[in-house]
$ cat final-v7.cif   # mmCIF, C-alpha atoms
data_final
loop_
_atom_site.label_atom_id
_atom_site.label_comp_id
_atom_site.auth_asym_id
_atom_site.auth_seq_id
_atom_site.Cartn_x
_atom_site.Cartn_y
_atom_site.Cartn_z
CA MET A 1 -3.12 6.22 14.59
CA LYS A 2 0.13 5.26 12.90
CA LEU A 3 0.22 3.19 9.74
CA PRO A 4 2.55 0.19 9.83
CA THR A 5 5.94 0.69 8.18
CA THR A 6 5.41 -2.40 6.05
CA PHE A 7 2.30 -0.79 4.55
CA ARG A 8 3.95 2.57 3.94
CA TYR A 9 6.95 1.01 2.21
CA GLY A 10 4.81 -1.56 0.42
CA ALA A 11 2.44 1.09 -0.93
CA ARG A 12 5.33 3.20 -2.23
CA CYS A 13 6.87 0.18 -3.93
CA MET A 14 3.56 -0.82 -5.48
CA VAL A 15 3.19 2.67 -6.93
CA GLU A 16 6.70 2.35 -8.33
CA LEU A 17 5.76 -0.98 -9.90
CA ALA A 18 2.60 0.55 -11.33
CA THR A 19 4.67 3.38 -12.79
CA VAL A 20 7.25 1.24 -14.63
CA ALA A 21 6.23 -2.38 -14.45
CA GLU A 22 3.64 -2.19 -17.21
CA HIS A 23 6.61 -2.66 -19.50
CA ARG A 24 9.09 -4.69 -17.44
CA ALA A 25 9.78 -6.41 -14.14
CA VAL A 26 11.45 -4.39 -11.39
CA SER A 27 14.08 -5.99 -9.18
CA LEU A 28 14.08 -5.66 -5.40
CA ARG A 29 17.53 -4.07 -5.67
CA GLU A 30 16.12 -1.36 -7.94
CA LEU A 31 13.14 -0.79 -5.63
CA SER A 32 15.46 -0.74 -2.64
CA GLU A 33 17.63 1.98 -4.18
CA CYS A 34 14.67 4.01 -5.41
CA GLN A 35 12.71 3.85 -2.15
CA LYS A 36 15.68 3.94 0.26
CA VAL A 37 14.56 0.72 1.95
CA SER A 38 16.73 -2.36 2.51
CA ALA A 39 16.29 -5.14 -0.02
CA LYS A 40 16.05 -7.63 2.86
CA TYR A 41 13.05 -5.76 4.29
CA LEU A 42 11.46 -5.59 0.84
CA GLU A 43 11.81 -9.38 0.49
CA HIS A 44 9.51 -9.75 3.50
CA ILE A 45 7.02 -7.25 2.08
CA PHE A 46 6.98 -8.77 -1.40
CA ARG A 47 6.60 -12.30 -0.06
CA ALA A 48 3.34 -11.20 1.58
CA MET A 49 2.15 -9.30 -1.50
CA ARG A 50 2.92 -12.27 -3.72
CA ALA A 51 0.98 -14.59 -1.39
CA ALA A 52 -1.95 -12.16 -1.58
CA GLY A 53 -1.87 -12.29 -5.39
CA LEU A 54 -0.91 -8.62 -5.83
CA VAL A 55 2.44 -9.17 -7.55
CA LEU A 56 4.03 -11.76 -9.82
CA ALA A 57 7.65 -12.83 -9.55
CA VAL A 58 9.54 -12.95 -12.84
CA ARG A 59 12.64 -15.13 -12.92
CA GLY A 60 15.74 -14.66 -14.98
CA MET A 61 18.32 -12.05 -15.81
CA HIS A 62 15.76 -9.27 -16.17
CA GLY A 63 13.56 -10.66 -13.44
CA GLY A 64 11.88 -8.96 -10.55
CA TYR A 65 8.29 -8.17 -9.74
CA MET A 66 5.29 -6.99 -11.73
CA LEU A 67 1.74 -6.20 -10.74
CA ALA A 68 -0.55 -9.21 -10.92
CA ARG A 69 -3.50 -7.04 -12.01
CA PRO A 70 -3.84 -3.69 -13.73
CA ALA A 71 -3.03 -0.70 -11.49
CA ASP A 72 -6.63 0.49 -11.58
CA ARG A 73 -7.75 -2.83 -10.08
CA ILE A 74 -5.45 -2.79 -7.03
CA THR A 75 -6.50 -0.58 -4.14
CA LEU A 76 -4.59 0.60 -1.12
CA LYS A 77 -6.96 -1.57 0.90
CA ASP A 78 -5.68 -4.64 -0.99
CA VAL A 79 -2.11 -3.66 -0.11
CA TYR A 80 -2.99 -2.88 3.52
CA GLU A 81 -4.76 -6.18 4.06
CA ALA A 82 -1.87 -8.12 2.48
CA LEU A 83 0.70 -6.45 4.71
CA ALA A 84 -1.10 -5.51 7.92
CA GLY A 85 -4.42 -7.33 8.05
CA SER A 86 -7.49 -5.54 9.32
CA THR A 87 -7.78 -1.77 9.56
CA ALA A 88 -9.66 -2.08 12.84
CA PRO A 89 -8.03 0.18 15.45
CA VAL A 90 -8.89 -2.34 18.20
CA GLU A 91 -9.35 -6.10 18.06
CA CYS A 92 -12.95 -6.13 19.29
CA VAL A 93 -14.24 -4.40 16.15
CA ASP A 94 -13.49 -7.55 14.15
CA CYS A 95 -13.73 -10.02 17.00
CA PRO A 96 -16.38 -9.03 19.58
CA GLU A 97 -15.77 -12.15 21.66
CA SER A 98 -12.24 -10.89 22.40
CA CYS A 99 -13.63 -8.28 24.79
CA PRO A 100 -15.70 -9.07 27.87
CA MET A 101 -17.08 -5.50 27.84
CA TYR A 102 -18.18 -5.52 24.18
CA ASP A 103 -21.93 -5.50 24.86
CA THR A 104 -21.73 -2.47 27.13
CA CYS A 105 -18.79 -0.67 25.54
CA PHE A 106 -19.49 2.97 24.79
CA MET A 107 -16.42 3.24 22.51
CA ILE A 108 -17.11 0.37 20.08
CA ASP A 109 -19.27 2.48 17.76
CA THR A 110 -16.48 5.05 17.46
CA TRP A 111 -13.88 2.35 16.74
CA ALA A 112 -16.16 0.78 14.12
CA GLU A 113 -16.78 4.18 12.53
CA LEU A 114 -13.04 4.83 12.39
CA LYS A 115 -12.45 1.45 10.68
CA HIS A 116 -15.21 2.21 8.18
CA ALA A 117 -13.74 5.63 7.33
CA ILE A 118 -10.25 4.19 6.83
CA ASP A 119 -11.65 1.36 4.69
CA GLN A 120 -13.51 3.86 2.50
CA VAL A 121 -10.39 5.91 1.76
CA LEU A 122 -8.22 2.87 1.13
CA SER A 123 -10.88 1.17 -1.01
CA ARG A 124 -11.44 4.11 -3.32
CA THR A 125 -7.72 4.81 -3.86
CA THR A 126 -6.16 2.68 -6.60
CA LEU A 127 -2.54 2.40 -7.61
CA ARG A 128 -3.49 4.16 -10.85
CA ASP A 129 -4.79 7.11 -8.81
CA LEU A 130 -1.49 7.27 -6.96
CA VAL A 131 0.59 7.03 -10.15
CA ASP A 132 -1.41 9.93 -11.59
CA ARG A 133 -0.94 11.93 -8.36
CA LYS A 134 2.78 11.17 -8.36
CA ARG A 135 3.15 12.37 -11.96
CA ARG A 136 1.20 15.58 -11.27
CA LYS A 137 3.36 16.36 -8.24
CA GLN A 138 6.57 15.61 -10.13
CA ALA A 139 5.47 17.82 -13.03
CA ALA A 140 4.58 20.66 -10.67
CA ALA A 141 7.93 20.32 -8.89
CA THR A 142 9.88 20.53 -12.15
CA GLN A 143 8.11 23.62 -13.41
CA MET A 144 10.34 26.61 -12.79
CA TYR A 145 9.81 30.15 -13.77
CA HIS A 146 12.82 32.21 -14.82
CA ILE A 147 12.79 35.95 -15.19
#
$ encode --input "final-v7.cif" --output "structure tokens"
Amino acid sequence: MKLPTTFRYGARCMVELATVAEHRAVSLRELSECQKVSAKYLEHIFRAMRAAGLVLAVRGMHGGYMLARPADRITLKDVYEALAGSTAPVECVDCPESCPMYDTCFMIDTWAELKHAIDQVLSRTTLRDLVDRKRRKQAAATQMYHI
């Protein structure tokens, strides 16, 4: 199963906001340069995240975006749902009437179990967790041993 590009880019940008935006707004241009994603594409992503109440737009010379809630209160599931909708791998998990074979389907339990597992991981992972992970990995990468 492949995660949508909008979610992957959106999650990375949200972690970037959580890293620096406690103190200031971050412009789409800055996020675009940092994440190597076009600003035009990020406009689409941030429009959806703003509509979902995950980010706030700040106007003015030092404007940009900030998190709408503390980083420990925004999960990857929040970001996924804002950008991609349901985590169900097939439509019938959320909408049984979409499939004429739903009542006799031998795969539906597996699809529902997969959705549940994905939801669990995304729900328990906050932006704060990812900021902490990012900082640990960056610190480990910068440690060098010289002889």
$ atom_distance --input "final-v7.cif" --atom1 "CA of Glu30 (chain A)" --atom2 "CA of Gly85 (chain A)"
26.7 Å
$ closest_residue --input "final-v7.cif" --among "A:Leu127, A:Met101, A:Leu122, A:Met107" --to "Val15 (chain A)" --atoms "only C-alpha atoms"
A:Leu127
$ resolve_selection --input "final-v7.cif" --expression "the PyMOL selection byres ((chain A and resi 2-14) around 6)" --output "list in words"
Met1, Val15, Glu16, Leu17, Tyr80 and Leu83 of chain A
$ atom_distance --input "final-v7.cif" --atom1 "CA of Ala140 (chain A)" --atom2 "CA of Thr19 (chain A)"
17.4 Å
$ resolve_selection --input "final-v7.cif" --expression "the PyMOL selection byres ((chain A and resi 93-100) around 12)" --output "NGL selection string"
:A and (85-92 or 101-105 or 107-116)
$ write_last_selection --input "final-v7.cif" --atoms "C-alpha atoms" --output "compact mmCIF listing (two decimals), keeping the file's coordinate frame"
# COMPACT_ATOMS: atom_id res chain seq x y z
CA GLY A 85 -4.42 -7.33 8.05
CA SER A 86 -7.49 -5.54 9.32
CA THR A 87 -7.78 -1.77 9.56
CA ALA A 88 -9.66 -2.08 12.84
CA PRO A 89 -8.03 0.18 15.45
CA VAL A 90 -8.89 -2.34 18.20
CA GLU A 91 -9.35 -6.10 18.06
CA CYS A 92 -12.95 -6.13 19.29
CA MET A 101 -17.08 -5.50 27.84
CA TYR A 102 -18.18 -5.52 24.18
CA ASP A 103 -21.93 -5.50 24.86
CA THR A 104 -21.73 -2.47 27.13
CA CYS A 105 -18.79 -0.67 25.54
CA MET A 107 -16.42 3.24 22.51
CA ILE A 108 -17.11 0.37 20.08
CA ASP A 109 -19.27 2.48 17.76
CA THR A 110 -16.48 5.05 17.46
CA TRP A 111 -13.88 2.35 16.74
CA ALA A 112 -16.16 0.78 14.12
CA GLU A 113 -16.78 4.18 12.53
CA LEU A 114 -13.04 4.83 12.39
CA LYS A 115 -12.45 1.45 10.68
CA HIS A 116 -15.21 2.21 8.18
$ closest_residue --input "final-v7.cif" --among "A:Ala141, A:Ile74, A:Ala25, A:Ile45" --to "Thr126 (chain A)" --atoms "all atoms listed in the file"
A:Ile74
$ atom_distance --input "final-v7.cif" --atom1 "CA of Tyr65 (chain A)" --atom2 "CA of Arg29 (chain A)"
10.9 Å
$ closest_residue --input "final-v7.cif" --among "A:Lys36, A:Val55, A:His62, A:Ser123" --to "Asp78 (chain A)" --atoms "only C-alpha atoms"
A:Ser123
$ axis_aligned_box --input "final-v7.cif" --around "region 80-89 of chain A" --padding-each-side "5 Å" --output "lines of an AutoDock Vina configuration file"
center_x = -4.5
center_y = -4.0
center_z = 9.0
size_x = 20.4
size_y = 18.3
size_z = 23.0
$ closest_residue --input "final-v7.cif" --among "A:Cys34, A:Val26, A:Ala39, A:Leu76" --to "Gly63 (chain A)" --atoms "all atoms listed in the file"
A:Val26
$ closest_residue --input "final-v7.cif" --among "A:Val79, A:Ala84, A:Arg73, A:Gly64" --to "Val20 (chain A)" --atoms "all atoms listed in the file"
A:Gly64
$ closest_atom_pairs --input "final-v7.cif" --of "region 27-118 of chain A" --to "region 129-137 of chain A" --cutoff "10 Å" --atoms "all atoms listed in the file" --output "JSON lines"
{"residue": "A:Ala71", "atom": "CA", "partner": "A:Asp129", "partner_atom": "CA", "distance": 8.4}
{"residue": "A:Asp72", "atom": "CA", "partner": "A:Asp129", "partner_atom": "CA", "distance": 7.4}
{"residue": "A:Thr75", "atom": "CA", "partner": "A:Asp129", "partner_atom": "CA", "distance": 9.2}
{"residue": "A:Leu76", "atom": "CA", "partner": "A:Leu130", "partner_atom": "CA", "distance": 9.4}
$ closest_residue --input "final-v7.cif" --among "A:Lys77, A:Met66, A:Ala82, A:Gln143" --to "Asp119 (chain A)" --atoms "only C-alpha atoms"
A:Lys77
$ build_atoms --input "final-v7.cif" --residues "region 95-116 of chain A" --atoms "N, CA and C atoms" --output "CSV table (one decimal), keeping the file's coordinate frame"
chain,number,residue,atom,x,y,z
A,95,CYS,N,-13.6,-8.8,16.2
A,95,CYS,CA,-13.7,-10.0,17.0
A,95,CYS,C,-14.4,-9.7,18.3
A,96,PRO,N,-15.7,-9.5,18.4
A,96,PRO,CA,-16.4,-9.0,19.6
A,96,PRO,C,-16.1,-9.9,20.8
A,97,GLU,N,-16.0,-11.2,20.5
A,97,GLU,CA,-15.8,-12.2,21.7
A,97,GLU,C,-14.4,-12.0,22.4
A,98,SER,N,-13.5,-11.1,21.8
A,98,SER,CA,-12.2,-10.9,22.4
A,98,SER,C,-12.3,-9.9,23.6
A,99,CYS,N,-13.5,-9.3,23.7
A,99,CYS,CA,-13.6,-8.3,24.8
A,99,CYS,C,-14.8,-8.6,25.7
A,100,PRO,N,-14.6,-8.8,27.0
A,100,PRO,CA,-15.7,-9.1,27.9
A,100,PRO,C,-16.7,-7.9,28.1
A,101,MET,N,-16.2,-6.7,27.7
A,101,MET,CA,-17.1,-5.5,27.8
A,101,MET,C,-17.8,-5.1,26.5
A,102,TYR,N,-17.7,-5.9,25.5
A,102,TYR,CA,-18.2,-5.5,24.2
A,102,TYR,C,-19.6,-5.1,24.2
A,103,ASP,N,-20.5,-5.8,24.9
A,103,ASP,CA,-21.9,-5.5,24.9
A,103,ASP,C,-22.3,-4.2,25.5
A,104,THR,N,-21.4,-3.7,26.4
A,104,THR,CA,-21.7,-2.5,27.1
A,104,THR,C,-20.7,-1.4,26.8
A,105,CYS,N,-19.8,-1.6,25.9
A,105,CYS,CA,-18.8,-0.7,25.5
A,105,CYS,C,-19.3,0.6,24.8
A,106,PHE,N,-19.0,1.7,25.4
A,106,PHE,CA,-19.5,3.0,24.8
A,106,PHE,C,-18.5,3.5,23.7
A,107,MET,N,-17.4,2.8,23.5
A,107,MET,CA,-16.4,3.2,22.5
A,107,MET,C,-16.5,2.4,21.2
A,108,ILE,N,-17.1,1.3,21.2
A,108,ILE,CA,-17.1,0.4,20.1
A,108,ILE,C,-17.7,1.0,18.8
A,109,ASP,N,-18.7,1.8,19.0
A,109,ASP,CA,-19.3,2.5,17.8
A,109,ASP,C,-18.3,3.4,17.1
A,110,THR,N,-17.5,4.1,18.0
A,110,THR,CA,-16.5,5.0,17.5
A,110,THR,C,-15.4,4.3,16.8
A,111,TRP,N,-14.9,3.2,17.4
A,111,TRP,CA,-13.9,2.4,16.7
A,111,TRP,C,-14.4,1.8,15.4
A,112,ALA,N,-15.6,1.3,15.4
A,112,ALA,CA,-16.2,0.8,14.1
A,112,ALA,C,-16.3,1.9,13.1
A,113,GLU,N,-16.7,3.1,13.5
A,113,GLU,CA,-16.8,4.2,12.5
A,113,GLU,C,-15.4,4.6,12.0
A,114,LEU,N,-14.4,4.5,12.8
A,114,LEU,CA,-13.0,4.8,12.4
A,114,LEU,C,-12.6,3.8,11.4
A,115,LYS,N,-12.8,2.5,11.6
A,115,LYS,CA,-12.4,1.4,10.7
A,115,LYS,C,-13.2,1.7,9.3
A,116,HIS,N,-14.4,2.0,9.4
A,116,HIS,CA,-15.2,2.2,8.2
A,116,HIS,C,-14.6,3.4,7.4
